[in-house]
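Chemist: Structure provided below as C-alpha cells; questions to follow.
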Amino acid sequence: MNARCEGVTAREAAPRESRAEQLARSVGALAEMVKTILAADACVIAMENASPSALAEGPEANVSKLGTALLDLPAEPMVFSRLADCRSAGERSTTGLALVARLLRASSIVCLPLRLPAAKARLCVAKMSGRYTRKDLPALTAFTTQVLAVLESIHFGERLAIELARQERRQISRDLHDSAIQPYIGLKLGLEALRRRLGKEHALAADVEELIAIAAAGAGELRQYVGALKTSTAKRKTECLLSAVRSEARKFGALYGIEASVVAAGEISVPPPMQHEVIQMIREGLSNVRRHTTADRATIHLRQDEGKLLLEIINDSDGDGGNTCRFSPRSIGERATELGGRVRAERRGRHTVVAVELPI
C-alpha cells in the first residue's frame, strides 16, 4: 500500500447515479415541464415507494411530509383555496389539502390522482397568489392523461431495469458457482489429501493446514457472495456494519497472522447495498496490506460525521520512508466513486492511510 504502486492509478471520475437518483431526476424533470405548461408556481409529483425529496419543484418545503400528505389524499380530483369555502370536501380531505398548501406556501392547489398499474401517485399544482376553482378541474384532469403516459413510461423503464439487474445477478451467481467456487473446493480436497499423506509430524504439515484454511475461507466467501446475488436487496438480511467489519478483521488476522483492529465510537447504520460495498473495500484494503507491505498490524477506523461514512485503513509504513508515491487503489476507488464518494491515500508519519469518504 505504501512503497509499491503496481496496478493502481490516480483517477477522478464523476459519481455514477443510482437507479433511485435517475428515477427522481426523470420525474423531477416531468414536474418541471408540467409546471411550465400549466403556468403554475409549483408542481409536485409524489409516487409510492419513491423518495419525494427530489420530486418537488417550487419553493422549499418539508418534502417528506408533503409526499406523505399527498399520497394520503383520496384518489379523486380536488381543489383547495385559502380564499374559498372548502366545506364541500370532507373534513379529513380539507385538513390534508390545507397541509399540502401550507407546506408549499401556496394560496391555492389542485391535487389529481395518477393511476399507475403498481403504485399510488399524485400530481399537485399550486399558485402562490390567485386561486383555482372547480371549473379548472376538467382541463387539468384531461391533461393528467398525458402526464400519466409519460410517468408510466418512466415507471416501466425502472421496473425493466430492476428485472434485468435481477436476471444478471442470477446469471453471475451461477457462473461464479460453476467457474470460481469449484476450483477452490478441488484445491481444498487436494490439500486435505496431501495433509493425510504427509502426516501430522511432517515439517510442512502446519503450512498445508494453513493453506487448507485459506482455501476453505475463500470458498465460504464466494458461497456467501453467490447467495447474496440471488437475494434481492429488500429481502437481504445483514448484520450490523460494525459487527461485520470486526468479523472480517478477526478472519483476516487468523488466516494471515496480521493483527487487524477495528476502532469505532459506536454502531453505524448504513443501507444494505452500501454495507456490502464497505465490506468489499475493507477486504481489498487488508489484502493490499498483506500483498504489498511487510506490516504486521493494520487498523480500521470507522466513524459517521454529518451524513458521511468515513473509513480509514491504516498500516505501519515500511521500505523507503522517503517514498512519497501518490496513488489511488483502483478497486476501492471505483467502488467509492459509484457510491458518490471519494478515496485518497496518504502518509501520516510512519503510517500509510487509505481514506474513504462516502455519503450516507
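FYI, nothing fancy with the C-alpha cells labels: chains A, B, ... in order, residues from 1 per chain, ligands from 1 as they appear.
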Mind listing the strand (DSSP E) residues of region 116-356 of chain A, per DSSP on the backbone, as an MDAnalysis selection string?

Modeler: chainID A and resid 120:127 259:264 297:305 308:316 342:348 351:356

Chemist: Would you mind listing what lies within 9 Å of region 302-306 of chain A as number ranges by chain, with only C-alpha atoms counted and same-chain residues fewer than 2 positions away left out?

Modeler: A: 242, 262-269, 300, 308-312, 360

Chemist: Quick one: pull the distance between CA of Ala295 (chain A) and CA of Thr352 (chain A), Å, one decimal.

Modeler: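 Separation between CA of Ala295 (chain A) and CA of Thr352 (chain A): 10.2 Å.
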
Chemist: With the cut-off set at 9 Å and counting only C-alpha atoms, tabulate each residue of region 240-321 of chain A with an atom at most that distance from an atom of region 203-217 of chain A, showing the nearest atom pair and its distance in Å to one decimal, ordered by chain and increasing number, as JSON lines.

Modeler:
```
{"residue": "A:Lys251", "atom": "CA", "partner": "A:Ala217", "partner_atom": "CA", "distance": 8.6}
{"residue": "A:Leu255", "atom": "CA", "partner": "A:Ile214", "partner_atom": "CA", "distance": 6.3}
{"residue": "A:Tyr256", "atom": "CA", "partner": "A:Ile214", "partner_atom": "CA", "distance": 8.6}
```

Chemist: Those same residues - all heavy atoms - I'd like them written as a PDB file, in the first residue's frame.

Modeler:
```
ATOM      1  N   LYS A 251     -11.156 -12.670  10.987  1.00  0.00           N
ATOM      2  CA  LYS A 251     -10.885 -13.709   9.993  1.00  0.00           C
ATOM      3  C   LYS A 251      -9.557 -13.437   9.281  1.00  0.00           C
ATOM      4  O   LYS A 251      -8.768 -14.352   9.061  1.00  0.00           O
ATOM      5  CB  LYS A 251     -12.042 -13.752   8.990  1.00  0.00           C
ATOM      6  CG  LYS A 251     -11.958 -14.844   7.974  1.00  0.00           C
ATOM      7  CD  LYS A 251     -13.310 -15.113   7.335  1.00  0.00           C
ATOM      8  CE  LYS A 251     -13.972 -13.860   6.820  1.00  0.00           C
ATOM      9  NZ  LYS A 251     -15.257 -14.123   6.150  1.00  0.00           N
ATOM     10  N   LEU A 255      -6.197 -15.902   9.467  1.00  0.00           N
ATOM     11  CA  LEU A 255      -5.688 -16.541   8.253  1.00  0.00           C
ATOM     12  C   LEU A 255      -4.257 -16.135   7.927  1.00  0.00           C
ATOM     13  O   LEU A 255      -3.449 -16.962   7.496  1.00  0.00           O
ATOM     14  CB  LEU A 255      -6.594 -16.193   7.063  1.00  0.00           C
ATOM     15  CG  LEU A 255      -7.940 -16.905   6.986  1.00  0.00           C
ATOM     16  CD1 LEU A 255      -8.765 -16.362   5.831  1.00  0.00           C
ATOM     17  CD2 LEU A 255      -7.742 -18.411   6.829  1.00  0.00           C
ATOM     18  N   TYR A 256      -3.914 -14.872   8.149  1.00  0.00           N
ATOM     19  CA  TYR A 256      -2.640 -14.364   7.631  1.00  0.00           C
ATOM     20  C   TYR A 256      -1.670 -13.907   8.707  1.00  0.00           C
ATOM     21  O   TYR A 256      -0.561 -13.473   8.389  1.00  0.00           O
ATOM     22  CB  TYR A 256      -2.905 -13.211   6.651  1.00  0.00           C
ATOM     23  CG  TYR A 256      -3.811 -13.627   5.516  1.00  0.00           C
ATOM     24  CD1 TYR A 256      -5.098 -13.106   5.399  1.00  0.00           C
ATOM     25  CD2 TYR A 256      -3.388 -14.551   4.559  1.00  0.00           C
ATOM     26  CE1 TYR A 256      -5.934 -13.494   4.368  1.00  0.00           C
ATOM     27  CE2 TYR A 256      -4.215 -14.941   3.526  1.00  0.00           C
ATOM     28  CZ  TYR A 256      -5.489 -14.406   3.438  1.00  0.00           C
ATOM     29  OH  TYR A 256      -6.311 -14.803   2.423  1.00  0.00           O
TER      30      TYR A 256
END
```

Chemist: Per DSSP on the backbone, what are the alpha helix (DSSP H) residues of region 111-360 of chain A, as a VMD selection string?

Modeler: chain A and resid 137 to 176 182 to 198 205 to 230 241 to 256 272 to 292 330 to 338

Chemist: Set the distance at 12 Å and use only C-alpha atoms: which residues neighbour Gly257 (chain A) once local chain neighbours fewer than 2 positions away are removed? I'd like the list as a list in words.

Modeler: Glu210, Ile214, Ala249, Arg250, Lys251, Phe252, Gly253, Ala254, Leu255, Glu259, Ala260, Leu286, Val289, Arg290, Thr294, Ala295, Asp296, Arg297 and Ala298 of chain A

Chemist: Which neighbours of region 65-77 of chain A fall inside 8 Å, counting only C-alpha atoms, when residues of the same chain fewer than 3 positions from it are skipped, and could you give them as a ChimeraX atom specification?

Modeler: /A:46-48,52,61-62,93,96-97,99-100,103,110-113,120-122,124,137,141

Chemist: Name the residues in contact with region 343-345 of chain A at a cut-off of 8 Å, using only C-alpha atoms, excluding same-chain residues fewer than 2 positions from it; report them as an mmCIF file with N, CA and C atoms, in the first residue's frame.

Modeler:
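around_39.cif, written as the output of this step:
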```
data_model
loop_
_atom_site.group_PDB
_atom_site.id
_atom_site.type_symbol
_atom_site.label_atom_id
_atom_site.label_comp_id
_atom_site.auth_asym_id
_atom_site.auth_seq_id
_atom_site.Cartn_x
_atom_site.Cartn_y
_atom_site.Cartn_z
ATOM 1 N N ARG A 326 2.243 8.819 -4.835
ATOM 2 C CA ARG A 326 0.816 9.057 -4.609
ATOM 3 C C ARG A 326 0.016 8.113 -5.489
ATOM 4 N N PHE A 327 -0.972 7.464 -4.933
ATOM 5 C CA PHE A 327 -1.754 6.509 -5.698
ATOM 6 C C PHE A 327 -3.160 6.418 -5.136
ATOM 7 N N SER A 328 -4.026 5.833 -5.941
ATOM 8 C CA SER A 328 -5.398 5.575 -5.508
ATOM 9 C C SER A 328 -5.703 4.120 -5.809
ATOM 10 N N PRO A 329 -5.964 3.296 -4.799
ATOM 11 C CA PRO A 329 -6.266 1.882 -5.056
ATOM 12 C C PRO A 329 -7.454 1.768 -6.005
ATOM 13 N N ILE A 332 -10.914 -0.079 -4.818
ATOM 14 C CA ILE A 332 -11.565 0.705 -3.770
ATOM 15 C C ILE A 332 -12.074 2.023 -4.339
ATOM 16 N N GLY A 333 -11.275 2.656 -5.199
ATOM 17 C CA GLY A 333 -11.666 3.922 -5.799
ATOM 18 C C GLY A 333 -12.908 3.798 -6.666
ATOM 19 N N ALA A 336 -15.961 3.391 -4.403
ATOM 20 C CA ALA A 336 -16.298 4.661 -3.753
ATOM 21 C C ALA A 336 -16.949 5.625 -4.741
ATOM 22 N N GLY A 341 -18.785 8.750 -3.565
ATOM 23 C CA GLY A 341 -17.752 9.146 -2.609
ATOM 24 C C GLY A 341 -16.405 9.344 -3.263
ATOM 25 N N ARG A 347 0.498 9.492 3.443
ATOM 26 C CA ARG A 347 1.384 9.162 4.553
ATOM 27 C C ARG A 347 1.039 10.024 5.761
ATOM 28 N N THR A 352 0.799 4.456 6.587
ATOM 29 C CA THR A 352 0.148 4.677 5.301
ATOM 30 C C THR A 352 -1.355 4.526 5.513
ATOM 31 N N VAL A 353 -2.118 5.479 4.984
ATOM 32 C CA VAL A 353 -3.559 5.525 5.222
ATOM 33 C C VAL A 353 -4.301 5.568 3.888
ATOM 34 N N VAL A 354 -5.270 4.663 3.738
ATOM 35 C CA VAL A 354 -6.221 4.757 2.633
ATOM 36 C C VAL A 354 -7.531 5.229 3.258
ATOM 37 N N ALA A 355 -7.961 6.440 2.883
ATOM 38 C CA ALA A 355 -9.143 7.062 3.486
ATOM 39 C C ALA A 355 -10.272 7.101 2.463
ATOM 40 N N VAL A 356 -11.442 6.646 2.880
ATOM 41 C CA VAL A 356 -12.617 6.598 2.011
ATOM 42 C C VAL A 356 -13.721 7.450 2.657
ATOM 43 N N GLU A 357 -14.354 8.277 1.845
ATOM 44 C CA GLU A 357 -15.459 9.126 2.311
ATOM 45 C C GLU A 357 -16.688 8.817 1.458
#
```

Chemist: Could you check which of A:Gln171, A:Ser81, A:Thr133, A:Val150 is closest to Ala31 (chain A), using only C-alpha atoms?

Modeler: A:Val150

Chemist: To one decimal in Å, tell me the separation between CA of Ala39 (chain A) and CA of Ala98 (chain A).

Modeler: 21.5 Å

Chemist: Which residues, written as a PyMOL selection string, have at least one atom at most 8 Å from region 151-162 of chain A, with only C-alpha atoms counted and residues fewer than 3 positions away on the same chain left out?

Modeler: chain A and resi 19+23+26-27+116+147-148+165-166
